[in-house]
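A.B. asks: Compact mmCIF, C-alpha atoms and all ligand atoms, saved as protein_32.txt, coming up:
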```
# COMPACT_ATOMS: atom_id res chain seq x y z
CA MET A 1 22.22 -12.19 1.22
CA LYS A 2 19.52 -13.95 3.15
CA ILE A 3 16.27 -12.00 3.64
CA LEU A 4 13.34 -12.61 5.97
CA LEU A 5 10.15 -11.06 4.54
CA LEU A 6 7.11 -10.57 6.78
CA GLY A 7 3.60 -10.62 5.33
CA SER A 8 1.18 -12.70 3.30
CA GLY A 9 -0.53 -10.43 0.79
CA GLY A 10 -0.23 -9.33 -2.82
CA ARG A 11 2.22 -6.63 -1.81
CA GLU A 12 4.54 -9.24 -0.30
CA HIS A 13 4.22 -11.53 -3.33
CA ALA A 14 5.24 -8.57 -5.54
CA ILE A 15 8.14 -7.70 -3.20
CA ALA A 16 9.32 -11.33 -3.12
CA ARG A 17 9.16 -11.57 -6.89
CA ALA A 18 11.34 -8.45 -7.22
CA LEU A 19 13.77 -9.62 -4.51
CA MET A 20 14.29 -12.94 -6.30
CA GLN A 21 15.34 -11.03 -9.42
CA ASP A 22 18.19 -9.42 -7.46
CA THR A 23 21.24 -11.65 -7.96
CA ALA A 24 22.55 -10.56 -4.54
CA VAL A 25 19.59 -12.28 -2.86
CA ALA A 26 20.55 -15.90 -2.26
CA GLU A 27 17.75 -16.99 0.00
CA LEU A 28 14.30 -15.80 1.01
CA LEU A 29 12.46 -16.79 4.19
CA ILE A 30 8.84 -15.66 4.52
CA ALA A 31 6.47 -15.49 7.47
CA PRO A 32 3.62 -16.32 7.31
CA GLY A 33 3.41 -16.19 3.46
CA ASN A 34 0.79 -17.69 1.14
CA PRO A 35 0.76 -20.51 -1.46
CA ALA A 36 2.44 -18.33 -4.11
CA LEU A 37 5.11 -17.11 -1.68
CA ALA A 38 5.84 -20.76 -0.82
CA GLN A 39 7.08 -21.11 -4.42
CA LEU A 40 9.55 -18.25 -4.03
CA GLY A 41 11.08 -19.04 -0.66
CA GLU A 42 10.84 -21.03 2.52
CA LEU A 43 7.81 -20.34 4.71
CA VAL A 44 8.71 -20.08 8.39
CA ASP A 45 6.34 -20.36 11.29
CA CYS A 46 6.43 -17.19 13.36
CA ASP A 47 3.97 -14.66 14.79
CA VAL A 48 4.81 -11.55 12.76
CA LEU A 49 3.30 -9.25 15.42
CA ASP A 50 5.71 -10.59 18.06
CA GLY A 51 8.99 -8.65 17.76
CA ALA A 52 10.92 -11.00 20.05
CA ALA A 53 9.81 -14.03 18.01
CA VAL A 54 10.73 -12.38 14.70
CA ALA A 55 14.15 -11.33 16.07
CA ARG A 56 14.76 -14.89 17.34
CA VAL A 57 14.02 -16.43 13.92
CA ALA A 58 16.21 -13.81 12.21
CA VAL A 59 19.15 -14.53 14.53
CA GLU A 60 18.75 -18.33 14.50
CA ARG A 61 18.54 -18.45 10.72
CA GLY A 62 21.44 -16.02 10.14
CA VAL A 63 19.29 -13.53 8.27
CA ASP A 64 21.09 -10.45 6.82
CA LEU A 65 18.02 -8.23 6.36
CA VAL A 66 14.42 -8.26 7.57
CA VAL A 67 11.82 -6.67 5.28
CA VAL A 68 8.50 -5.85 6.94
CA GLY A 69 5.59 -5.80 4.47
CA PRO A 70 2.45 -4.76 6.38
CA GLU A 71 1.81 -1.87 8.77
CA ALA A 72 0.57 -3.85 11.78
CA PRO A 73 3.98 -5.36 12.76
CA LEU A 74 5.63 -1.98 12.21
CA VAL A 75 3.18 -0.16 14.47
CA ALA A 76 3.66 -3.00 16.98
CA GLY A 77 7.41 -2.25 17.08
CA VAL A 78 8.70 -5.39 15.37
CA ALA A 79 11.44 -3.43 13.56
CA ASP A 80 12.72 -2.14 16.92
CA ALA A 81 13.12 -5.69 18.27
CA VAL A 82 14.98 -6.86 15.16
CA ARG A 83 17.26 -3.81 15.15
CA ALA A 84 17.99 -4.34 18.85
CA ALA A 85 19.20 -7.84 17.92
CA GLY A 86 21.71 -6.21 15.55
CA ILE A 87 20.03 -7.12 12.28
CA PRO A 88 19.27 -4.47 9.62
CA VAL A 89 15.57 -3.91 8.93
CA PHE A 90 13.74 -2.31 6.03
CA GLY A 91 10.86 -0.74 7.95
CA PRO A 92 10.43 2.06 10.49
CA SER A 93 10.50 1.86 14.28
CA GLY A 94 7.21 1.75 16.16
CA ALA A 95 7.60 5.45 16.93
CA ALA A 96 8.16 6.39 13.28
CA ALA A 97 5.34 4.06 12.16
CA GLN A 98 2.92 6.36 13.99
CA LEU A 99 2.88 8.34 10.73
CA GLU A 100 0.43 5.65 9.61
CA GLY A 101 -0.68 4.37 13.03
CA SER A 102 -2.31 7.67 13.99
CA LYS A 103 -3.76 10.15 11.53
CA ALA A 104 -3.67 12.79 14.28
CA PHE A 105 0.08 12.18 14.72
CA ALA A 106 0.63 12.47 10.96
CA LYS A 107 -1.22 15.81 10.98
CA ARG A 108 1.01 17.05 13.82
CA ILE A 109 4.22 16.10 11.95
CA MET A 110 2.94 17.75 8.77
CA ALA A 111 2.16 20.93 10.69
CA GLU A 112 5.65 20.91 12.25
CA ALA A 113 7.30 20.26 8.87
CA GLY A 114 5.15 22.74 6.92
CA VAL A 115 3.76 20.04 4.62
CA PRO A 116 0.54 20.90 2.72
CA THR A 117 -2.42 18.74 3.75
CA ALA A 118 -6.18 18.93 4.25
CA MET A 119 -7.35 21.06 7.17
CA ALA A 120 -8.54 18.77 9.92
CA HIS A 121 -10.17 18.62 13.34
CA VAL A 122 -9.24 15.82 15.72
CA CYS A 123 -12.41 14.91 17.66
CA THR A 124 -13.06 12.74 20.70
CA ASP A 125 -16.80 13.28 21.14
CA LEU A 126 -19.90 13.72 19.04
CA PRO A 127 -20.51 17.46 19.59
CA GLN A 128 -16.97 18.14 18.33
CA VAL A 129 -17.68 15.94 15.30
CA GLU A 130 -20.89 17.80 14.49
CA ASP A 131 -19.16 21.18 14.79
CA ALA A 132 -16.33 20.03 12.52
CA LEU A 133 -18.69 18.57 9.90
CA ASP A 134 -20.71 21.78 9.82
CA SER A 135 -17.67 24.03 9.64
CA PHE A 136 -16.29 22.19 6.56
CA GLY A 137 -19.65 21.37 4.94
CA ALA A 138 -20.29 18.56 2.43
CA PRO A 139 -18.77 16.39 1.08
CA TYR A 140 -17.77 15.12 4.50
CA VAL A 141 -14.50 13.25 5.15
CA VAL A 142 -14.49 11.14 8.33
CA LYS A 143 -11.39 9.13 9.28
CA ASP A 144 -10.76 6.63 12.01
CA ASP A 145 -7.58 7.82 13.76
CA GLY A 146 -6.07 4.33 13.98
CA LEU A 147 -5.27 1.46 11.61
CA ALA A 148 -8.30 0.17 9.71
CA ALA A 149 -6.96 -1.82 6.71
CA GLY A 150 -7.96 0.83 4.18
CA LYS A 151 -11.55 0.87 5.42
CA GLY A 152 -11.41 3.58 8.08
CA VAL A 153 -12.34 6.46 5.81
CA VAL A 154 -15.82 7.50 4.75
CA VAL A 155 -16.31 10.25 2.18
CA THR A 156 -19.98 11.13 1.81
CA SER A 157 -22.41 13.98 1.24
CA ASP A 158 -24.88 12.30 3.60
CA ARG A 159 -24.43 13.95 6.99
CA SER A 160 -26.10 11.09 8.88
CA GLU A 161 -23.79 8.53 7.21
CA ALA A 162 -20.82 10.69 8.27
CA ILE A 163 -22.11 10.72 11.85
CA VAL A 164 -22.73 6.96 11.93
CA HIS A 165 -19.12 6.33 10.86
CA ALA A 166 -17.78 8.86 13.37
CA GLU A 167 -19.78 7.18 16.16
CA ARG A 168 -18.35 3.81 15.19
CA CYS A 169 -14.77 5.22 15.39
CA LEU A 170 -15.47 6.97 18.71
CA ALA A 171 -16.87 3.75 20.20
CA LYS A 172 -13.48 2.06 19.90
CA ASP A 173 -10.97 1.99 22.73
CA GLY A 174 -9.41 5.46 22.91
CA GLY A 175 -11.74 6.38 20.06
CA THR A 176 -10.55 9.38 18.10
CA VAL A 177 -11.87 10.54 14.77
CA VAL A 178 -10.40 13.01 12.30
CA ILE A 179 -12.79 15.21 10.30
CA GLU A 180 -11.16 16.74 7.23
CA GLU A 181 -11.75 19.27 4.56
CA TYR A 182 -12.67 17.53 1.27
CA LEU A 183 -9.89 17.49 -1.34
CA ASP A 184 -10.87 17.55 -5.00
CA GLY A 185 -8.64 16.50 -7.88
CA PRO A 186 -6.78 13.36 -8.95
CA GLU A 187 -4.83 11.26 -6.46
CA LEU A 188 -1.43 9.69 -6.80
CA SER A 189 0.72 7.41 -4.69
CA LEU A 190 4.42 8.10 -4.46
CA PHE A 191 6.64 5.55 -2.69
CA CYS A 192 9.84 6.97 -1.21
CA VAL A 193 12.70 4.78 0.00
CA CYS A 194 14.22 6.41 3.09
CA ASP A 195 17.34 5.70 5.13
CA GLY A 196 16.69 8.05 8.03
CA THR A 197 18.11 11.10 6.26
CA ARG A 198 17.93 10.58 2.49
CA VAL A 199 14.87 10.07 0.27
CA VAL A 200 14.81 8.25 -3.08
CA PRO A 201 11.46 8.26 -4.89
CA LEU A 202 10.11 5.34 -6.91
CA GLN A 203 7.87 6.02 -9.93
CA PRO A 204 4.38 7.23 -9.08
CA ALA A 205 1.25 5.10 -9.42
CA GLN A 206 -2.47 5.64 -9.18
CA ASP A 207 -4.75 3.40 -7.13
CA PHE A 208 -8.52 2.87 -7.54
CA LYS A 209 -9.97 2.94 -4.04
CA ARG A 210 -13.70 2.53 -4.65
CA ALA A 211 -15.24 -0.91 -5.05
CA TYR A 212 -17.12 -0.46 -8.33
CA ASP A 213 -16.76 1.00 -11.82
CA GLY A 214 -16.93 4.77 -12.14
CA ASP A 215 -15.58 5.20 -8.58
CA ALA A 216 -18.91 4.08 -7.14
CA GLY A 217 -19.42 2.15 -3.93
CA PRO A 218 -17.47 2.02 -0.68
CA ASN A 219 -13.73 2.54 -0.19
CA THR A 220 -11.61 -0.62 -0.31
CA GLY A 221 -7.94 -1.44 0.22
CA GLY A 222 -7.55 -0.80 -3.55
CA MET A 223 -9.09 -2.46 -6.63
CA GLY A 224 -6.39 -1.82 -9.22
CA ALA A 225 -3.51 0.46 -10.15
CA TYR A 226 -1.29 1.64 -12.96
CA SER A 227 2.10 3.23 -13.53
CA PRO A 228 3.44 5.50 -14.99
CA LEU A 229 0.95 8.40 -14.96
CA PRO A 230 1.04 10.05 -18.40
CA TRP A 231 -1.15 12.94 -17.20
CA LEU A 232 1.13 13.93 -14.34
CA PRO A 233 2.67 17.41 -14.75
CA GLU A 234 6.43 17.31 -15.24
CA GLY A 235 8.35 17.89 -12.02
CA THR A 236 5.61 16.56 -9.73
CA VAL A 237 7.78 13.79 -8.26
CA ASP A 238 10.61 16.21 -7.44
CA ASP A 239 8.06 18.58 -5.97
CA VAL A 240 6.63 15.86 -3.70
CA VAL A 241 10.09 14.89 -2.50
CA ALA A 242 11.07 18.51 -1.85
CA ARG A 243 7.82 19.66 -0.21
CA VAL A 244 6.56 16.48 1.45
CA ALA A 245 8.86 13.46 1.83
CA GLN A 246 12.15 15.21 2.65
CA PRO A 247 10.62 17.66 5.18
CA VAL A 248 8.85 14.76 6.95
CA VAL A 249 12.02 12.65 7.04
CA ASP A 250 13.97 15.69 8.35
CA GLN A 251 11.34 16.31 11.01
CA MET A 252 11.31 12.66 12.14
CA GLN A 253 15.11 12.82 12.38
CA ARG A 254 14.92 16.01 14.47
CA ARG A 255 12.46 14.32 16.83
CA GLY A 256 14.93 11.48 17.38
CA THR A 257 12.72 8.93 15.59
CA PRO A 258 14.33 8.66 12.15
CA PHE A 259 12.29 7.12 9.36
CA VAL A 260 13.90 4.09 7.71
CA GLY A 261 11.93 2.11 5.15
CA LEU A 262 9.19 3.03 2.75
CA LEU A 263 7.26 6.28 3.13
CA TYR A 264 4.10 6.08 1.04
CA CYS A 265 2.86 9.58 0.21
CA GLY A 266 -0.80 9.58 -0.80
CA LEU A 267 -1.49 12.91 -2.50
CA ALA A 268 -4.30 14.84 -4.11
CA LEU A 269 -3.58 17.38 -6.85
CA THR A 270 -6.31 19.84 -5.95
CA SER A 271 -7.36 23.06 -7.65
CA ARG A 272 -5.47 24.82 -4.83
CA GLY A 273 -2.29 22.78 -5.22
CA MET A 274 -0.85 19.52 -3.97
CA ARG A 275 -2.08 18.19 -0.61
CA VAL A 276 -1.17 15.08 1.39
CA VAL A 277 -4.16 12.75 1.83
CA GLU A 278 -2.34 10.21 3.97
CA PHE A 279 0.97 8.62 4.81
CA ASN A 280 1.58 4.92 5.01
CA VAL A 281 4.80 3.46 6.35
CA ARG A 282 5.01 0.54 3.94
CA PHE A 283 4.45 -0.27 0.28
CA GLY A 284 0.89 0.23 -0.99
CA ASP A 285 -1.25 -2.62 -2.17
CA PRO A 286 -1.98 -2.90 -5.14
CA GLU A 287 0.35 -0.07 -6.32
CA THR A 288 3.42 -2.21 -5.50
CA GLN A 289 2.22 -4.74 -8.08
CA VAL A 290 2.68 -2.14 -10.87
CA VAL A 291 5.68 -0.21 -9.53
CA LEU A 292 8.10 -3.04 -8.69
CA PRO A 293 7.90 -4.92 -12.02
CA ARG A 294 9.09 -1.66 -13.63
CA LEU A 295 12.05 -1.19 -11.27
CA LYS A 296 15.34 -2.35 -12.77
CA THR A 297 17.56 -1.37 -9.82
CA PRO A 298 18.05 -4.53 -7.69
CA LEU A 299 15.52 -4.28 -4.84
CA GLY A 300 17.37 -6.31 -2.19
CA GLN A 301 20.46 -4.14 -2.43
CA LEU A 302 18.36 -0.97 -2.38
CA MET A 303 16.53 -2.09 0.78
CA MET A 304 19.78 -3.12 2.45
CA ALA A 305 21.36 0.28 1.67
CA ALA A 306 18.32 2.03 3.20
CA ALA A 307 18.37 -0.21 6.28
CA ARG A 308 22.08 0.62 6.82
CA GLY A 309 21.57 4.36 6.36
CA GLU A 310 23.65 4.30 3.18
CA LEU A 311 21.17 5.07 0.42
CA PRO A 312 23.02 6.15 -2.74
CA LYS A 313 22.03 9.50 -4.23
CA ALA A 314 21.87 8.14 -7.79
CA PRO A 315 18.40 7.88 -9.33
CA LEU A 316 16.94 4.41 -9.85
CA ASP A 317 16.73 2.53 -13.17
CA TRP A 318 13.31 1.98 -14.71
CA ASP A 319 11.81 -0.14 -17.43
CA ALA A 320 10.07 2.07 -20.00
CA GLN A 321 7.11 -0.33 -20.15
CA ALA A 322 3.82 0.50 -18.47
CA ALA A 323 2.04 -1.75 -15.97
CA VAL A 324 -1.63 -2.11 -15.06
CA CYS A 325 -3.06 -4.38 -12.38
CA VAL A 326 -6.62 -5.42 -11.61
CA VAL A 327 -7.71 -6.93 -8.30
CA LEU A 328 -10.06 -9.91 -8.22
CA ALA A 329 -12.14 -9.56 -5.04
CA ALA A 330 -14.20 -12.15 -3.23
CA SER A 331 -17.96 -12.27 -3.02
CA GLY A 332 -19.04 -9.62 -0.52
CA TYR A 333 -15.80 -7.58 -0.51
CA PRO A 334 -15.30 -4.96 1.01
CA GLY A 335 -18.03 -6.11 3.38
CA ARG A 336 -18.24 -9.55 4.92
CA VAL A 337 -16.50 -11.91 2.49
CA ARG A 338 -17.06 -15.52 1.70
CA THR A 339 -13.96 -17.75 1.73
CA GLY A 340 -13.27 -21.30 0.56
CA ASP A 341 -14.29 -20.79 -3.09
CA LEU A 342 -12.32 -22.74 -5.68
CA ILE A 343 -9.84 -20.68 -7.75
CA SER A 344 -9.19 -21.95 -11.27
CA GLY A 345 -7.32 -20.69 -14.32
CA ILE A 346 -4.22 -19.10 -12.78
CA ALA A 347 -1.90 -21.24 -14.91
CA ASP A 348 -3.83 -20.21 -18.07
CA ALA A 349 -3.51 -16.54 -17.08
CA GLU A 350 0.22 -16.84 -16.38
CA VAL A 351 1.03 -18.19 -19.85
CA MET A 352 -0.44 -15.09 -21.46
CA PRO A 353 2.50 -12.98 -22.70
CA GLY A 354 3.16 -9.87 -20.60
CA ALA A 355 0.91 -11.00 -17.75
CA HIS A 356 1.48 -12.47 -14.32
CA VAL A 357 -0.65 -13.25 -11.30
CA ILE A 358 0.02 -12.02 -7.77
CA GLN A 359 -1.72 -13.93 -4.99
CA ALA A 360 -3.12 -12.40 -1.81
CA GLY A 361 -6.15 -14.05 -0.16
CA THR A 362 -5.46 -17.64 -1.22
CA ARG A 363 -4.82 -20.91 0.58
CA MET A 364 -4.53 -24.61 -0.24
CA GLU A 365 -7.54 -26.70 0.74
CA GLY A 366 -8.58 -30.33 0.44
CA ALA A 367 -7.37 -33.77 1.47
CA PRO A 368 -3.68 -34.62 0.93
CA GLY A 369 -3.11 -35.43 -2.72
CA GLU A 370 -6.29 -33.60 -3.72
CA GLU A 371 -5.41 -30.06 -2.68
CA HIS A 372 -6.65 -27.10 -4.64
CA LEU A 373 -6.27 -23.35 -4.40
CA ALA A 374 -9.17 -21.64 -2.62
CA THR A 375 -10.09 -18.12 -1.56
CA ALA A 376 -9.04 -17.01 1.91
CA GLY A 377 -9.62 -13.25 1.96
CA GLY A 378 -11.25 -10.18 0.45
CA ARG A 379 -8.72 -9.34 -2.22
CA ILE A 380 -8.00 -12.77 -3.71
CA LEU A 381 -5.37 -11.95 -6.31
CA THR A 382 -4.12 -9.28 -8.69
CA VAL A 383 -3.48 -9.75 -12.38
CA VAL A 384 -0.64 -7.58 -13.72
CA GLY A 385 -0.21 -6.70 -17.39
CA GLN A 386 2.89 -5.06 -18.84
CA GLY A 387 3.17 -3.50 -22.29
CA LYS A 388 4.69 -0.69 -24.30
CA ASP A 389 2.03 1.72 -23.05
CA LEU A 390 -0.93 1.71 -20.67
CA ALA A 391 -3.39 0.63 -23.37
CA HIS A 392 -1.34 -2.50 -24.13
CA ALA A 393 -0.66 -3.23 -20.46
CA ARG A 394 -4.36 -2.88 -19.69
CA LYS A 395 -5.40 -5.24 -22.49
CA LYS A 396 -2.97 -7.86 -21.21
CA ALA A 397 -4.16 -7.58 -17.63
CA TYR A 398 -7.83 -7.98 -18.54
CA ALA A 399 -7.21 -10.76 -21.09
CA ALA A 400 -5.35 -12.75 -18.41
CA LEU A 401 -7.90 -11.94 -15.72
CA ARG A 402 -10.69 -13.40 -17.87
CA LYS A 403 -8.93 -16.80 -17.72
CA ILE A 404 -9.42 -16.94 -13.95
CA HIS A 405 -12.66 -18.13 -12.37
CA VAL A 406 -13.91 -17.81 -8.82
CA ALA A 407 -17.62 -18.10 -7.98
CA GLY A 408 -19.15 -14.80 -6.89
CA SER A 409 -15.95 -12.80 -7.38
CA HIS A 410 -15.90 -9.30 -8.83
CA TYR A 411 -13.47 -6.80 -10.32
CA ARG A 412 -13.52 -3.32 -11.81
CA ASN A 413 -13.64 -2.99 -15.59
CA ASP A 414 -12.34 0.57 -15.75
CA ILE A 415 -8.87 0.36 -14.17
CA ALA A 416 -6.53 2.76 -16.04
CA ALA A 417 -9.19 3.22 -18.75
CA ARG A 418 -9.12 7.03 -18.75
CA ALA A 419 -5.32 7.24 -18.53
CA ALA A 420 -4.96 4.72 -21.36
CA GLY A 421 -7.38 6.69 -23.53
CA ALA A 422 -9.71 3.67 -23.69
P1 LIG B 501 -6.83 7.43 3.55
O1 LIG B 501 -6.97 6.13 4.29
O2 LIG B 501 -6.65 8.60 4.43
O3 LIG B 501 -5.91 7.33 2.42
O4 LIG B 501 -8.18 7.64 2.75
C1 LIG B 501 -8.64 6.68 1.83
C2 LIG B 501 -9.23 7.36 0.62
O5 LIG B 501 -10.29 8.23 1.01
C3 LIG B 501 -8.26 8.25 -0.13
O6 LIG B 501 -7.45 7.58 -1.02
C4 LIG B 501 -9.20 9.21 -0.82
O7 LIG B 501 -9.74 8.63 -1.99
C5 LIG B 501 -10.29 9.39 0.18
N1 LIG B 501 -9.97 10.58 0.99
C6 LIG B 501 -9.26 10.62 2.12
N2 LIG B 501 -9.13 11.89 2.60
C7 LIG B 501 -9.82 12.66 1.73
C8 LIG B 501 -10.08 14.07 1.65
N3 LIG B 501 -9.65 14.92 2.60
N4 LIG B 501 -10.80 14.52 0.61
C9 LIG B 501 -11.27 13.67 -0.33
N5 LIG B 501 -11.07 12.35 -0.32
C10 LIG B 501 -10.35 11.83 0.70
N1 LIG B 502 -3.53 1.06 -1.90
C1 LIG B 502 -3.61 1.80 -0.72
C2 LIG B 502 -2.87 1.26 0.43
O1 LIG B 502 -2.05 0.37 0.30
O2 LIG B 502 -3.07 1.73 1.51
```
In C-alpha cells, write the structure found in this file.
Ligand code: AMP
Ligand code: GLY

C.D. replies:
Amino acid sequence: MKILLLGSGGREHAIARALMQDTAVAELLIAPGNPALAQLGELVDCDVLDGAAVARVAVERGVDLVVVGPEAPLVAGVADAVRAAGIPVFGPSGAAAQLEGSKAFAKRIMAEAGVPTAMAHVCTDLPQVEDALDSFGAPYVVKDDGLAAGKGVVVTSDRSEAIVHAERCLAKDGGTVVIEEYLDGPELSLFCVCDGTRVVPLQPAQDFKRAYDGDAGPNTGGMGAYSPLPWLPEGTVDDVVARVAQPVVDQMQRRGTPFVGLLYCGLALTSRGMRVVEFNVRFGDPETQVVLPRLKTPLGQLMMAAARGELPKAPLDWDAQAAVCVVLAASGYPGRVRTGDLISGIADAEVMPGAHVIQAGTRMEGAPGEEHLATAGGRILTVVGQGKDLAHARKKAYAALRKIHVAGSHYRNDIAARAAGA
C-alpha cells in the first residue's frame, strides 16, 4: 500500500521507520517531512493544515491511506476532507479531535462517560480563576483550554505565577482557562488504537515532561521516555481500557462523532486511584520513539484496519526488549530557542549497537555541495537505546547521545534512571 504521512517531527520519523518495516507498505509520501524523513520516503509539497490540499495530493498520487501525525491538522479537520474524498485516514475527525483541541470539551466527555479525572473549573475571567485557585489550594494547576504544543500547563505553588499564566490564557481569542485539582502520583501514557468502536492498547510508556534533571524547571513537550514500565501494577492497561478508553470511544460514537485513530490517554496513578490527566488525539512525542520500536505487529496494516473500522480483536505482538529515549534540546528550549547550530556525530551515534537517532528539529543548510545538518527547532533529535532491560537500553541511549554535538544544547541525565534501578 501507498501511505501519505503528515508531519515533520520525531514522532513522524518514528512512525515512518515502523511503517517501512511493514512489508505491506510499498511506498511512503511525507508532507512536509524533515531531512531524516527524506531518507525514508518522498517528501511532497503540501500545506498540511489545508484539508482540500491534502485530499488533492492523496487522490492525485493514488494514496491508499493517510496517516496524520500532529494534532493541528486533525483539529483543523484535515481527516474529514480526506475521508470525504473516499480515502481511509488514520486520525480522528475535527469534531472528535476536540478531545485534545479543548480541555473543557474533554472534561465534558469524561463526565458523560463516567471517566475518572481531576476535578476542574472552566473559567473565562479572573475572578472565577481566583475562586477556583482558592477552592483547590496549592499546588495550583492552570491549563490553557486550547492547543499549546505541550506548553499550556503550569503547575506551581506560587499563586501569582498561577495567575500570570491564567491571565495569558484569558488574553487569547476566546480565552478560556481550566483550573484543576492537583494530582499526585506517577504518570503514564497509554496509546490506544481505535476504529470508531473497538480499542486496542499499545504498551504503556512514561514521559519526562520537565526540562531539567530531578523534574525541575518548566514543562516541555517531553524530554525523554521509556517502555515498558516495570513498576506498573499488573492489570493497569486492561483497567485503563475498560474505565477510560472504551467508555470515551463509546461516548464519542453515541454523539455521532466516532473516534478513529490514536487516543493517547495521559494518566496519573494517584493515592485515590487512577485519574486522566489529559487526552491527545495522536501519538505522543517522545513516547512513540520507545513504543513503536517494540511493536512487532505490522504498523501499516494495523492503521489501515483502524481506518476501515475493522480492527482485529487479537492482542498485538511485542518485542521483549526495553527502550529508552533521550531528547537533545536546543539552546533556550523550552523558551525562545536558537536555530541554525551545526549538528555533528549522528552517524557515529547510529553505528552504536542497539541505538538509533530520530530527527525532529533539523534542516539542511549551506551552499549546494556544502550542505550540513543544522538545528531548526526546540527538540532537535531523540536518541533511542534498546536492550534486554531498561538499564541496558538506557546505557545505549546515553552512550550514543554522547557522540552527538550541538553548541548550547541540553538534555536530561536522569531519563528512566529510577525505573532502571540506576
Ligand atoms: P497536560 O498538557 O494536560 O498533559 O499537562 C502537562 C503536564 O502537566 C502533565 O503531564 C502533568 O505532568 C502536569 N499536570 C497536568 N495536569 C495536572 C494535574 N491535575 N495535577 C498535577 N499535574 C498535572
Ligand atoms: N509527550 C507528550 C505529548 O506528546 O503530548

A.B. asks: Taking 5 positions as the minimum chain separation for residues in the same chain, which residues sit within 12 Å of His392 (chain A) when counting all atoms listed in the file? Answer as a PyMOL selection string.

C.D. replies: chain A and resi 226+321-324+353-355+384-387+397-399+416-417+419-422

A.B. asks: Could you check how far atom C2 of ligand LIG 501 (chain B) sits from CA of Leu292 (chain A), in Å to one decimal?

C.D. replies: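 It comes out at 22.3 Å.
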
A.B. asks: Output as lines of an AutoDock Vina configuration file the centre and edge lengths (Å, one decimal) of the box along x, y and z of the file that holds every listed atom of ligand LIG 501 (chain B) after adding 3 Å on each side.

C.D. replies:
```
center_x = -8.6
center_y = 10.5
center_z = 1.2
size_x = 11.4
size_y = 14.8
size_z = 12.4
```

A.B. asks: Using only C-alpha atoms, which residue out of A:Thr339, A:Thr236, A:Pro334, A:Leu202 lies closest to Lys296 (chain A)?

C.D. replies: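 When distances to Lys296 (chain A) are compared using only C-alpha atoms, the smallest one comes from A:Leu202.
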
A.B. asks: I'd like the contact shell of Val326 (chain A) - 7 Å cut-off, only C-alpha atoms, skipping same-chain residues fewer than 6 positions apart - returned as an MDAnalysis selection string.

C.D. replies: chainID A and resid 223:225 382:384 397 415

A.B. asks: Would you mind telling me which residue in A:Gly146, A:Gly62, A:Pro73, A:Pro230 lies nearest to Leu49 (chain A) when using only C-alpha atoms?

C.D. replies: A:Pro73

A.B. asks: Using all atoms listed in the file, which residues have at least one atom no more than 6 Å from ligand LIG 501 (chain B)? Output them as a list in words.

C.D. replies: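 Using all atoms listed in the file, everything at most 6 Å from ligand LIG 501 (chain B) comes to Ala118, Val141, Gly150, Val153, Glu180, Glu181, Tyr182, Leu183, Val277 and Glu278 of chain A.
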
A.B. asks: Figure out the distance between CA of Ala162 (chain A) and CA of Thr124 (chain A), please, to one decimal in Å.

C.D. replies: 14.8 Å
